[in-house]
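**Q** So that you have it, the file is coords-v8.txt, and it contains compact mmCIF, C-alpha atoms:
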# COMPACT_ATOMS: atom_id res chain seq x y z
CA MET X 1 120.81 66.98 155.37
CA TYR X 2 118.48 69.97 155.74
CA LYS X 3 121.29 72.27 154.62
CA ASN X 4 121.84 70.22 151.47
CA LEU X 5 118.09 70.17 150.80
CA LEU X 6 117.93 73.95 151.17
CA ILE X 7 120.85 74.44 148.76
CA PHE X 8 119.23 72.07 146.26
CA SER X 9 115.90 73.99 146.48
CA VAL X 10 117.63 77.34 145.96
CA CYS X 11 119.44 75.96 142.89
CA ILE X 12 116.15 74.69 141.42
CA VAL X 13 114.52 78.12 141.95
CA MET X 14 117.49 79.92 140.38
CA LEU X 15 117.50 77.62 137.37
CA SER X 16 113.74 78.07 136.93
CA PHE X 17 114.07 81.85 137.16
CA GLN X 18 116.95 81.84 134.70
CA GLY X 19 114.93 79.76 132.24
CA PHE X 20 111.97 82.11 132.59
CA SER X 21 114.06 85.25 132.16
CA GLN X 22 115.69 83.85 129.06
CA ASN X 23 112.37 83.67 127.25
CA GLY X 24 112.24 87.38 126.48
CA LYS X 25 109.28 89.49 125.42
CA LEU X 26 109.35 88.45 121.77
CA ASN X 27 109.43 84.74 122.51
CA ASN X 28 106.58 85.09 125.02
CA ALA X 29 104.63 87.04 122.42
CA LYS X 30 105.06 84.35 119.76
CA GLU X 31 104.18 81.54 122.15
CA SER X 32 100.99 83.29 123.28
CA LEU X 33 99.90 83.97 119.68
CA LYS X 34 100.42 80.33 118.74
CA THR X 35 98.17 79.12 121.56
CA THR X 36 94.57 78.56 120.59
CA SER X 37 92.04 78.77 123.38
CA SER X 38 90.50 75.36 124.06
CA THR X 39 87.51 76.75 125.85
CA THR X 40 84.30 75.35 124.45
CA ASN X 41 81.02 77.06 124.93
CA SER X 42 77.97 74.94 125.49
CA SER X 43 74.72 76.63 124.70
CA SER X 44 71.20 75.42 124.90
CA SER X 45 68.62 76.69 122.52
CA LYS X 46 65.09 77.13 123.50
CA ARG X 47 62.25 77.25 121.10
CA SER X 48 59.09 79.07 121.78
CA SER X 49 56.15 79.29 119.50
CA LYS X 50 53.67 82.07 119.50
CA SER X 51 50.47 82.11 117.57
CA SER X 52 49.15 85.36 116.17
CA SER X 53 45.46 85.91 115.95
CA ASN X 54 45.73 89.03 113.87
CA ASP X 55 47.53 89.34 110.53
CA ASP X 56 47.49 93.14 110.84
CA ASP X 57 49.82 92.97 113.86
CA SER X 58 52.36 91.07 111.78
CA PHE X 59 52.04 93.59 108.94
CA PHE X 60 52.51 96.65 111.14
CA GLY X 61 55.32 94.93 113.05
CA SER X 62 57.29 94.23 109.86
CA LEU X 63 56.61 97.77 108.63
CA ILE X 64 57.99 99.30 111.81
CA ALA X 65 61.03 96.98 111.68
CA GLU X 66 61.70 97.99 108.07
CA LEU X 67 61.46 101.70 108.92
CA PHE X 68 63.79 101.19 111.88
CA ILE X 69 66.37 99.38 109.72
CA LYS X 70 66.26 102.10 107.06
CA LEU X 71 66.57 104.83 109.68
CA PHE X 72 69.51 103.07 111.32
CA SER X 73 71.23 102.51 107.95
CA TYR X 74 70.71 106.14 106.96
CA THR X 75 72.09 107.39 110.28
CA ALA X 76 75.06 105.00 110.18
CA TYR X 77 75.88 106.09 106.63
CA GLY X 78 75.73 109.74 107.65
CA VAL X 79 78.04 109.19 110.63
CA ALA X 80 80.54 106.90 108.91
CA ILE X 81 80.56 108.18 105.32
CA GLU X 82 78.84 111.54 104.83
CA SER X 83 75.73 113.33 106.07
CA PRO X 84 73.39 115.39 103.85
CA PHE X 85 74.61 118.55 105.61
CA GLU X 86 78.08 117.97 104.17
CA TYR X 87 77.11 117.76 100.50
CA ASP X 88 77.51 121.49 99.94
CA SER X 89 80.50 121.89 102.25
CA SER X 90 84.11 122.49 101.21
CA MET X 91 85.07 119.16 102.76
CA HIS X 92 82.82 117.30 100.30
CA SER X 93 85.09 118.21 97.37
CA ALA X 94 88.41 118.45 99.24
CA GLU X 95 91.38 117.42 97.10
CA ILE X 96 94.60 115.62 98.04
CA ALA X 97 97.43 118.12 98.59
CA ASN X 98 100.71 117.65 96.71
CA TYR X 99 102.31 117.27 100.13
CA PRO X 100 101.44 118.45 103.66
CA TYR X 101 102.09 122.13 104.37
CA GLU X 102 102.82 123.03 100.75
CA THR X 103 101.53 126.34 102.04
CA LYS X 104 100.81 127.36 105.63
CA ASP X 105 97.06 127.12 105.00
CA TYR X 106 96.57 123.38 104.56
CA GLY X 107 97.88 119.90 105.40
CA ASN X 108 96.84 116.68 103.64
CA PHE X 109 93.74 118.20 102.00
CA ILE X 110 93.18 121.39 100.06
CA TYR X 111 90.03 123.35 99.21
CA THR X 112 90.61 124.50 95.64
CA ASP X 113 89.23 124.46 92.11
CA SER X 114 92.65 124.89 90.55
CA THR X 115 95.04 122.18 89.39
CA ASN X 116 97.30 122.56 92.42
CA TYR X 117 96.48 119.15 93.87
CA LYS X 118 97.17 115.44 93.41
CA ILE X 119 94.86 112.82 91.91
CA ILE X 120 96.98 110.20 93.68
CA ARG X 121 99.79 110.52 96.23
CA LEU X 122 102.32 108.09 97.67
CA ASP X 123 103.79 108.60 101.15
CA ILE X 124 106.71 106.40 102.25
CA TYR X 125 107.97 106.27 105.84
CA ASN X 126 110.59 104.48 107.90
CA ARG X 127 110.79 104.64 111.69
CA PHE X 128 113.34 103.27 114.13
CA LEU X 129 111.82 101.89 117.36
CA LEU X 130 113.73 101.59 120.63
CA GLU X 131 112.60 100.26 124.01
CA ASN X 132 116.06 99.60 125.44
CA LYS X 133 119.54 98.51 124.31
CA ASP X 134 118.38 94.90 124.02
CA LEU X 135 115.01 95.42 122.33
CA PHE X 136 114.56 97.55 119.23
CA GLY X 137 112.77 97.44 115.88
CA ASN X 138 111.96 99.08 112.58
CA ASN X 139 108.69 100.13 110.93
CA LEU X 140 108.66 100.54 107.13
CA GLY X 141 105.51 101.40 105.23
CA LEU X 142 103.74 103.23 102.44
CA ASP X 143 100.43 105.01 102.22
CA PHE X 144 98.82 105.28 98.78
CA ARG X 145 96.09 107.96 98.56
CA PHE X 146 93.50 107.87 95.77
CA LEU X 147 89.92 108.93 94.86
CA LYS X 148 90.19 111.92 97.22
CA ARG X 149 88.91 110.02 100.28
CA PHE X 150 90.70 106.68 100.29
CA SER X 151 94.17 105.35 101.02
CA LEU X 152 95.80 101.95 101.16
CA ASN X 153 98.43 101.47 103.85
CA ALA X 154 100.95 98.62 103.68
CA ASP X 155 103.20 98.20 106.70
CA PHE X 156 106.17 96.02 107.74
CA THR X 157 107.28 95.93 111.38
CA SER X 158 110.16 93.90 112.81
CA PHE X 159 111.55 93.65 116.34
CA SER X 160 114.84 92.20 117.52
CA GLU X 161 115.72 91.27 121.11
CA ASN X 162 118.95 90.18 122.72
CA VAL X 163 118.26 87.54 125.39
CA SER X 164 121.31 86.13 127.19
CA GLY X 165 123.53 86.67 124.16
CA LYS X 166 121.04 85.19 121.69
CA ARG X 167 119.03 87.17 119.15
CA ASP X 168 115.25 86.67 118.85
CA ASN X 169 113.02 88.24 116.17
CA PHE X 170 109.37 89.13 115.69
CA THR X 171 107.99 90.14 112.28
CA MET X 172 104.54 91.20 111.12
CA TYR X 173 102.93 92.62 107.99
CA SER X 174 99.71 94.59 107.74
CA ALA X 175 97.53 96.08 105.01
CA ILE X 176 94.56 98.32 105.70
CA LEU X 177 92.14 100.21 103.44
CA LYS X 178 91.37 103.58 105.01
CA TYR X 179 88.44 105.94 104.49
CA HIS X 180 89.30 109.54 105.38
CA ARG X 181 86.10 110.63 107.09
CA ILE X 182 87.18 114.16 108.06
CA ARG X 183 89.07 116.06 105.37
CA THR X 184 89.56 119.63 106.49
CA GLN X 185 92.62 121.69 105.72
CA ARG X 186 93.76 121.44 109.35
CA PHE X 187 92.56 118.00 110.38
CA ASP X 188 92.53 114.60 108.67
CA ALA X 189 90.78 111.67 110.41
CA TRP X 190 90.22 108.12 109.13
CA PHE X 191 89.07 104.62 109.95
CA GLY X 192 89.99 101.44 108.12
CA LEU X 193 89.71 97.68 107.76
CA GLY X 194 92.38 95.18 106.77
CA ALA X 195 94.52 92.27 107.91
CA THR X 196 97.74 91.65 109.84
CA HIS X 197 100.01 88.63 109.39
CA VAL X 198 102.47 87.57 112.09
CA ALA X 199 105.37 85.60 110.61
CA ASN X 200 108.20 83.65 112.27
CA SER X 201 106.93 80.54 114.04
CA VAL X 202 103.41 81.96 114.47
CA ASN X 203 102.39 82.22 110.79
CA GLU X 204 98.87 83.46 111.54
CA THR X 205 96.69 86.19 110.01
CA GLY X 206 93.97 88.21 111.72
CA PHE X 207 91.35 90.84 110.91
CA THR X 208 92.49 94.42 111.61
CA PHE X 209 90.54 97.56 112.50
CA GLY X 210 92.20 100.95 112.75
CA VAL X 211 91.47 104.62 113.45
CA GLY X 212 93.68 107.67 113.30
CA GLY X 213 94.05 111.35 112.65
CA GLU X 214 96.57 114.09 112.03
CA TRP X 215 96.24 117.67 113.29
CA PHE X 216 98.15 120.32 111.39
CA ILE X 217 98.70 122.73 114.23
CA LYS X 218 100.85 125.37 112.55
CA LYS X 219 103.44 125.12 109.81
CA PRO X 220 105.76 123.20 110.04
CA ILE X 221 104.34 121.14 112.98
CA SER X 222 101.67 118.42 113.01
CA LEU X 223 100.54 115.83 115.55
CA LEU X 224 99.56 112.28 114.51
CA PHE X 225 97.60 109.67 116.47
CA SER X 226 96.67 106.18 115.30
CA HIS X 227 95.54 102.88 116.79
CA GLN X 228 95.23 99.48 115.13
CA THR X 229 94.02 96.26 116.70
CA THR X 230 94.07 92.66 115.44
CA SER X 231 92.79 89.41 116.92
CA ILE X 232 94.93 86.29 116.50
CA ASN X 233 94.04 83.08 118.38
CA ALA X 234 92.04 85.03 120.99
CA GLU X 235 95.03 87.31 121.69
CA ARG X 236 95.46 90.95 120.67
CA VAL X 237 98.09 92.49 118.41
CA ASN X 238 97.78 96.24 118.94
CA ASN X 239 99.76 99.29 117.86
CA THR X 240 99.23 102.83 119.17
CA LYS X 241 101.22 105.80 117.85
CA LEU X 242 101.55 109.37 119.07
CA LEU X 243 104.00 111.24 116.85
CA LEU X 244 105.11 114.84 116.44
CA LYS X 245 106.14 115.74 112.89
CA TYR X 246 108.35 118.50 111.49
CA HIS X 247 107.64 119.23 107.80
CA ILE X 248 110.29 120.30 105.29
CA LYS X 249 108.69 120.55 101.82
CA HIS X 250 108.16 116.96 100.56
CA TYR X 251 109.88 115.53 103.66
CA ARG X 252 109.09 115.31 107.36
CA ILE X 253 110.84 114.08 110.47
CA SER X 254 108.74 112.27 113.06
CA THR X 255 109.43 111.52 116.70
CA GLY X 256 107.32 110.30 119.58
CA TYR X 257 105.90 107.27 121.36
CA GLU X 258 104.71 103.92 119.99
CA HIS X 259 103.09 101.18 122.08
CA TYR X 260 102.83 97.58 120.86
CA ARG X 261 100.88 94.78 122.44
CA LEU X 262 102.01 91.49 120.96
CA GLY X 263 99.95 88.79 122.62
CA VAL X 264 100.94 88.76 126.30
CA SER X 265 103.91 91.10 125.75
CA LYS X 266 103.78 94.89 125.92
CA ILE X 267 106.49 96.98 124.24
CA ASN X 268 106.81 100.74 124.75
CA THR X 269 109.18 102.40 122.30
CA PHE X 270 110.73 105.72 121.40
CA SER X 271 110.12 106.35 117.69
CA LEU X 272 112.29 108.37 115.28
CA GLY X 273 111.65 108.40 111.54
CA ILE X 274 111.56 110.14 108.20
CA GLU X 275 108.78 110.41 105.59
CA VAL X 276 108.54 111.59 101.99
CA SER X 277 105.66 112.32 99.60
CA PHE X 278 105.61 111.66 95.86
Would you write the structure of this file as structure tokens?

**A**
Amino acid sequence: MYKNLLIFSVCIVMLSFQGFSQNGKLNNAKESLKTTSSTTNSSSSKRSSKSSSNDDDSFFGSLIAELFIKLFSYTAYGVAIESPFEYDSSMHSAEIANYPYETKDYGNFIYTDSTNYKIIRLDIYNRFLLENKDLFGNNLGLDFRFLKRFSLNADFTSFSENVSGKRDNFTMYSAILKYHRIRTQRFDAWFGLGATHVANSVNETGFTFGVGGEWFIKKPISLLFSHQTTSINAERVNNTKLLLKYHIKHYRISTGYEHYRLGVSKINTFSLGIEVSF
């Protein structure tokens, strides 16, 4: 009897483990992104009243608060957009290069008064992503540069996973408006705001914040880093890239590491791609 009970227990454990292992990373990711946290926060508000015996205190208090707000806004603008010390710098009037490393002296931006630059530029890229033989994906996107300092990035990422002979998929779309804060001839750094939509059975959209930069080390090599994060149903959808690029006129080949956090699932991939500028 005890022997039969032991065999039955082992079978139950094996079946449970098999069912768990068949879920796969992509399925776990979708299930976690579909789950909305049910935690409710109870807060109590307390009211306190204070009487002021002097109107001058209120006047000076509001004056100080106004000065503080203006000072903070001025400082934030200088850090995020442009400081007064940059108005007369070469970076202030940096133009968009026809393509990175058109010459050995500059990457995405060029310091020039000539016509050897772009008013707008379109970069298109496609990257193959591989974690293992059962889990791989593709990243297709475009980056539209305009008004010297801005770009609009639209991105499509899809993953496919083989779980016990069955194919599972995960698809997401993102769009982010980027402001290129640092625009030197050797370094290009940006931050941006946008949105990411996870398709399939999730069908949810979240707010996206991103930062990134590209260092043009020496022709024809550059190093790119970027990170984007999105919140969907209290879970994170993150993407971090570290890519080495080899530039050949209008084209470049990229290779490196890309990390994705899709809800509860983490995917670490080898990345290989090609890019072109128009």

**Q** In terms of the shortest atom-to-atom distance over only C-alpha atoms, which of X:Glu102, X:Gly194, X:Asn200, X:Phe170 is closest to X:Ser265?

**A**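 Counting only C-alpha atoms, the residue closest to X:Ser265 is X:Phe170.
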
**Q** With only C-alpha atoms as the basis for distance, which of X:Ala80, X:Glu235, X:Thr205, X:Thr157 is at the shortest distance from X:Asn139?

**A**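 Under the stated criterion, the closest residue is X:Thr157.
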
**Q** Nearest to X:Phe109 among X:Trp215, X:Tyr173, X:Tyr251, X:Phe207, with distances taken over all atoms listed in the file: which residue is it?

**A**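 Closest to X:Phe109 of all the choices is X:Trp215.
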
**Q** Could you give me, as number ranges by chain, the residues that sit within 10 Å of (105.6, 81.6, 113.3) in the file's coordinates, counting all atoms listed in the file?

**A** X: 30-31, 33-34, 170-172, 197-204

**Q** Step by step: start from the point (102.9, 124.9, 109.9) in the file's coordinates, keep every protein, DNA or RNA residue that has an atom no farther than 8 Å from it, count only C-alpha atoms, and write the set as a count of residues only.

**A** 11

**Q** Could you check the closest approach to X:Leu224 for each of X:Asn28, X:Thr112, X:Ser158, X:Thr240 and tell me which residue wins, using all atoms listed in the file?

**A**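 Going through X:Asn28, X:Thr112, X:Ser158, X:Thr240 one by one, the smallest distance to X:Leu224 is for X:Thr240.
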
**Q** Go ahead and compute the interatomic distance for atom CA of X:Glu275 and atom CA of X:Asp123, in Å to one decimal.

**A** 6.9 Å

**Q** Might you pull out every residue within 8 Å of X:Ile124, with all atoms listed in the file counted and same-chain residues fewer than 2 positions away left off, and present them as a list of chain:residue names?

**A**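 Neighbouring residues, sequence-local ones excluded: X:Leu122, X:Asn126, X:Leu140, X:Gly141, X:Leu142, X:Asp143, X:Glu275, X:Val276, X:Ser277.
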
**Q** Expressed in Å to a single decimal, how great is the separation between atom CA of X:Thr196 and atom CA of X:Phe278?

**A**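 Value for the atom CA of X:Thr196-atom CA of X:Phe278 distance: 25.6 Å.
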
**Q** Can you pull out the residues contacting X:Gly256? Cut-off 8 Å, using only C-alpha atoms, and skip same-chain residues under 3 positions away; I want them as number ranges by chain.

**A** X: 241-244, 270-272

**Q** May I have the residues from that selection written out with C-alpha atoms, as a PDB file, in the coordinates of the input?

**A**
ATOM      1  CA  LYS X 241     101.220 105.800 117.850  1.00  0.00           C
ATOM      2  CA  LEU X 242     101.550 109.370 119.070  1.00  0.00           C
ATOM      3  CA  LEU X 243     104.000 111.240 116.850  1.00  0.00           C
ATOM      4  CA  LEU X 244     105.110 114.840 116.440  1.00  0.00           C
ATOM      5  CA  PHE X 270     110.730 105.720 121.400  1.00  0.00           C
ATOM      6  CA  SER X 271     110.120 106.350 117.690  1.00  0.00           C
ATOM      7  CA  LEU X 272     112.290 108.370 115.280  1.00  0.00           C
TER       8      LEU X 272
END

**Q** For a test of reading the model, state the distance in Å between atom CA of X:Lys245 and atom CA of X:Phe128, rounded to one decimal.

**A**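 Taking atom CA of X:Lys245 as the start and atom CA of X:Phe128 as the end point, the length is 14.5 Å.
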
**Q** Counting all atoms listed in the file, which residue out of X:Phe156, X:Phe85, X:Tyr117, X:Tyr111 sits closest to X:Tyr99?

**A**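 Checking each candidate against X:Tyr99, we get X:Tyr117 as the closest.
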